[in-house]
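A.B. asks: I have a structure here, written as structure tokens, and I will follow up with some questions on it.
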2 protein chains.
Amino acid sequence: MKAVVTVVLKDGVLDPQGKAVGHALEGLGFFGIGEVRVGKVIELDLAETDPERARESAEAMARRLLANTVIERFEVLIR
Amino acid sequence: MKAVVTVVLKDGVLDPQGKAVGHALEGLGFFGIGEVRVGKVIELDLAETDPERARESAEAMARRLLANTVIERFEVLIR
């Protein structure tokens with residue numbers, strides 16, 4: 001199974017990189033842009049074939065290594 | 001509308017950060033991990049209310065700034 005883990009700073013945590021991207025987009029002529037947040041995405045090929053177990057495994061990986069749950073939230077998508 | 005742009009290195013482009021994450025996960029006792037690819041995700045709050053136009057706008061942003069389409073692929077999700 002393929003697991004996609006998305007990790008983004010929690011709401012309320014300052015994201016200067018997101019602010020910079022927002023300003024750059026406005027500089028390029030894009031309008032109507034509100035808040036921008038930049039995070040990371042980790043795509044994992046897992047040998048596990050059961051979607052529920054693949055999700056549990058990917059969530060454990062996110063909690064142990066991929067995300068800092070003090071300041072970041074994560075989301076797991078199984079494909 | 002909220003647009004989520006995911007940017008990951010194309011298949012075939014070496015991803016040392018992904019390799020490092022894969023090794024670190026194995027070191028933590030996770031098994032059955034194949035290829036790991038690390039990319040970025042950009043969450044945008046857009047004033048645009050039409051989903052189709054929001055998607056077009058986010059795709060234009062990805063092509064102009066967010067992704068380097070020579071070595072990266074991107075995906076747009078409208079929520």
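Every chain in the structure tokens takes a letter, A first, then B, and so on in the order presented; its residues are numbered from 1, and the ligands are numbered from 1 following the presented order.
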Tell me which protein, DNA and RNA residues are within 9 Å of region 20-26 of chain B, counting only C-alpha atoms, leaving out same-chain ones fewer than 6 positions away, and put them as a list in words.
C.D. replies: Ile42, Leu44, Met61, Arg64, Leu65 and Leu66 of chain A; Gly32, Ile33, Gly34, Glu35, Val36, Arg37 and Val38 of chain B
A.B. asks: Take the residues from that selection and put them in a file with N, CA, C and O atoms, as a PDB file, in the first residue's frame.
C.D. replies:
ATOM      1  N   ILE A  42       5.227  13.117   3.067  1.00  0.00           N
ATOM      2  CA  ILE A  42       6.097  11.944   2.991  1.00  0.00           C
ATOM      3  C   ILE A  42       5.298  10.807   2.352  1.00  0.00           C
ATOM      4  O   ILE A  42       4.277  10.388   2.896  1.00  0.00           O
ATOM      5  N   LEU A  44       5.151   6.958   1.356  1.00  0.00           N
ATOM      6  CA  LEU A  44       5.803   5.715   1.773  1.00  0.00           C
ATOM      7  C   LEU A  44       5.213   4.529   1.019  1.00  0.00           C
ATOM      8  O   LEU A  44       3.978   4.370   0.987  1.00  0.00           O
ATOM      9  N   MET A  61       4.448   5.937  12.582  1.00  0.00           N
ATOM     10  CA  MET A  61       5.667   6.557  12.028  1.00  0.00           C
ATOM     11  C   MET A  61       5.601   8.074  12.163  1.00  0.00           C
ATOM     12  O   MET A  61       6.602   8.724  12.478  1.00  0.00           O
ATOM     13  N   ARG A  64       6.180   8.985  15.826  1.00  0.00           N
ATOM     14  CA  ARG A  64       7.533   8.699  16.293  1.00  0.00           C
ATOM     15  C   ARG A  64       8.597   9.569  15.628  1.00  0.00           C
ATOM     16  O   ARG A  64       9.579   9.947  16.263  1.00  0.00           O
ATOM     17  N   LEU A  65       8.427   9.836  14.326  1.00  0.00           N
ATOM     18  CA  LEU A  65       9.522  10.485  13.597  1.00  0.00           C
ATOM     19  C   LEU A  65       9.118  11.637  12.685  1.00  0.00           C
ATOM     20  O   LEU A  65       9.770  12.673  12.672  1.00  0.00           O
ATOM     21  N   LEU A  66       8.029  11.439  11.931  1.00  0.00           N
ATOM     22  CA  LEU A  66       7.779  12.367  10.823  1.00  0.00           C
ATOM     23  C   LEU A  66       7.234  13.719  11.264  1.00  0.00           C
ATOM     24  O   LEU A  66       7.484  14.738  10.628  1.00  0.00           O
TER      25      LEU A  66
ATOM     26  N   GLY B  32       9.185  -3.423   6.361  1.00  0.00           N
ATOM     27  CA  GLY B  32       8.358  -3.479   5.156  1.00  0.00           C
ATOM     28  C   GLY B  32       8.207  -2.129   4.491  1.00  0.00           C
ATOM     29  O   GLY B  32       7.195  -1.836   3.866  1.00  0.00           O
ATOM     30  N   ILE B  33       9.239  -1.301   4.633  1.00  0.00           N
ATOM     31  CA  ILE B  33       9.189   0.018   4.009  1.00  0.00           C
ATOM     32  C   ILE B  33       9.973   0.004   2.712  1.00  0.00           C
ATOM     33  O   ILE B  33      11.156  -0.334   2.705  1.00  0.00           O
ATOM     34  N   GLY B  34       9.287   0.315   1.622  1.00  0.00           N
ATOM     35  CA  GLY B  34       9.948   0.390   0.323  1.00  0.00           C
ATOM     36  C   GLY B  34      10.464   1.798   0.102  1.00  0.00           C
ATOM     37  O   GLY B  34      11.086   2.387   0.975  1.00  0.00           O
ATOM     38  N   GLU B  35      10.157   2.341  -1.061  1.00  0.00           N
ATOM     39  CA  GLU B  35      10.658   3.676  -1.389  1.00  0.00           C
ATOM     40  C   GLU B  35       9.957   4.739  -0.540  1.00  0.00           C
ATOM     41  O   GLU B  35       8.759   4.654  -0.262  1.00  0.00           O
ATOM     42  N   VAL B  36      10.727   5.731  -0.113  1.00  0.00           N
ATOM     43  CA  VAL B  36      10.175   6.871   0.623  1.00  0.00           C
ATOM     44  C   VAL B  36      10.542   8.131  -0.146  1.00  0.00           C
ATOM     45  O   VAL B  36      11.684   8.296  -0.563  1.00  0.00           O
ATOM     46  N   ARG B  37       9.559   8.988  -0.373  1.00  0.00           N
ATOM     47  CA  ARG B  37       9.848  10.257  -1.047  1.00  0.00           C
ATOM     48  C   ARG B  37       9.308  11.398  -0.197  1.00  0.00           C
ATOM     49  O   ARG B  37       8.199  11.333   0.314  1.00  0.00           O
ATOM     50  N   VAL B  38      10.138  12.418  -0.012  1.00  0.00           N
ATOM     51  CA  VAL B  38       9.746  13.563   0.810  1.00  0.00           C
ATOM     52  C   VAL B  38       9.524  14.764  -0.102  1.00  0.00           C
ATOM     53  O   VAL B  38      10.357  15.061  -0.958  1.00  0.00           O
TER      54      VAL B  38
END
A.B. asks: Quick one: pick out all strand (DSSP E) residues within chain B from a backbone DSSP run and write them as a PyMOL selection string.
C.D. replies: chain B and resi 2-9+33-46+72-78
A.B. asks: Please produce a file of those selected residues containing C-alpha atoms, as a PDB file, in the first residue's frame.
C.D. replies:
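The file below, selection.pdb, is the result:
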ATOM      1  CA  LYS B   2      -8.853  25.944   0.265  1.00  0.00           C
ATOM      2  CA  ALA B   3      -6.310  24.607  -2.219  1.00  0.00           C
ATOM      3  CA  VAL B   4      -3.721  22.031  -1.209  1.00  0.00           C
ATOM      4  CA  VAL B   5      -0.745  21.757  -3.577  1.00  0.00           C
ATOM      5  CA  THR B   6       1.514  18.739  -3.105  1.00  0.00           C
ATOM      6  CA  VAL B   7       4.962  18.862  -4.729  1.00  0.00           C
ATOM      7  CA  VAL B   8       7.186  15.764  -4.875  1.00  0.00           C
ATOM      8  CA  LEU B   9      10.311  14.905  -6.863  1.00  0.00           C
ATOM      9  CA  ILE B  33       9.189   0.018   4.009  1.00  0.00           C
ATOM     10  CA  GLY B  34       9.948   0.390   0.323  1.00  0.00           C
ATOM     11  CA  GLU B  35      10.658   3.676  -1.389  1.00  0.00           C
ATOM     12  CA  VAL B  36      10.175   6.871   0.623  1.00  0.00           C
ATOM     13  CA  ARG B  37       9.848  10.257  -1.047  1.00  0.00           C
ATOM     14  CA  VAL B  38       9.746  13.563   0.810  1.00  0.00           C
ATOM     15  CA  GLY B  39       8.120  16.603  -0.730  1.00  0.00           C
ATOM     16  CA  LYS B  40       6.323  19.731   0.300  1.00  0.00           C
ATOM     17  CA  VAL B  41       2.713  20.680   0.701  1.00  0.00           C
ATOM     18  CA  ILE B  42       1.370  24.217   0.350  1.00  0.00           C
ATOM     19  CA  GLU B  43      -2.076  25.000   1.811  1.00  0.00           C
ATOM     20  CA  LEU B  44      -3.632  28.143   0.337  1.00  0.00           C
ATOM     21  CA  ASP B  45      -6.753  30.001   1.457  1.00  0.00           C
ATOM     22  CA  LEU B  46      -8.206  31.454  -1.733  1.00  0.00           C
ATOM     23  CA  GLU B  72       9.039  17.815  -9.589  1.00  0.00           C
ATOM     24  CA  ARG B  73       5.445  16.730 -10.105  1.00  0.00           C
ATOM     25  CA  PHE B  74       2.557  18.466  -8.385  1.00  0.00           C
ATOM     26  CA  GLU B  75      -1.032  17.700  -7.514  1.00  0.00           C
ATOM     27  CA  VAL B  76      -3.815  20.135  -6.595  1.00  0.00           C
ATOM     28  CA  LEU B  77      -6.652  19.260  -4.240  1.00  0.00           C
ATOM     29  CA  ILE B  78      -9.559  21.679  -3.724  1.00  0.00           C
TER      30      ILE B  78
END
A.B. asks: Figure out the distance between CA of Gln17 (chain A) and CA of Arg63 (chain A), please, to one decimal in Å.
C.D. replies: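 Distance between the two atoms: 23.1 Å.
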A.B. asks: For the atom pair CA of Gly18 (chain A) and CA of Asp15 (chain B), what is the interatomic distance in Å to one decimal place?
C.D. replies: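 If I compute the distance from CA of Gly18 (chain A) to CA of Asp15 (chain B), I get 23.1 Å.
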A.B. asks: Using only C-alpha atoms, which of the listed residues (A:Val70, A:Gly27, A:Arg79, A:Val13) sits closest to Thr49 (chain A)?
C.D. replies: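 Distance minimum relative to Thr49 (chain A) lands on A:Arg79.
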A.B. asks: Which one is closest to chain A: B:Ala62, B:Asp11, B:Thr69, B:Glu48? Count only C-alpha atoms.
C.D. replies: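 Nearest to chain A: B:Glu48.
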A.B. asks: Here is a test: counting only C-alpha atoms, which residue of A:Leu14, A:Leu28, A:Ala47, A:Ile71 is nearest to chain B?
C.D. replies: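 So, comparing all the options, the nearest one is A:Ala47.
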A.B. asks: For a test of reading the model, state the distance in Å between CA of Met1 (chain B) and CA of Phe30 (chain A), rounded to one decimal.
C.D. replies: 14.8 Å
A.B. asks: Of the residues A:Glu59, A:Phe31, A:Lys10, A:Asp50, which is the one nearest to chain B, using only C-alpha atoms?
C.D. replies: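 When distances to chain B are compared using only C-alpha atoms, the smallest one comes from A:Phe31.
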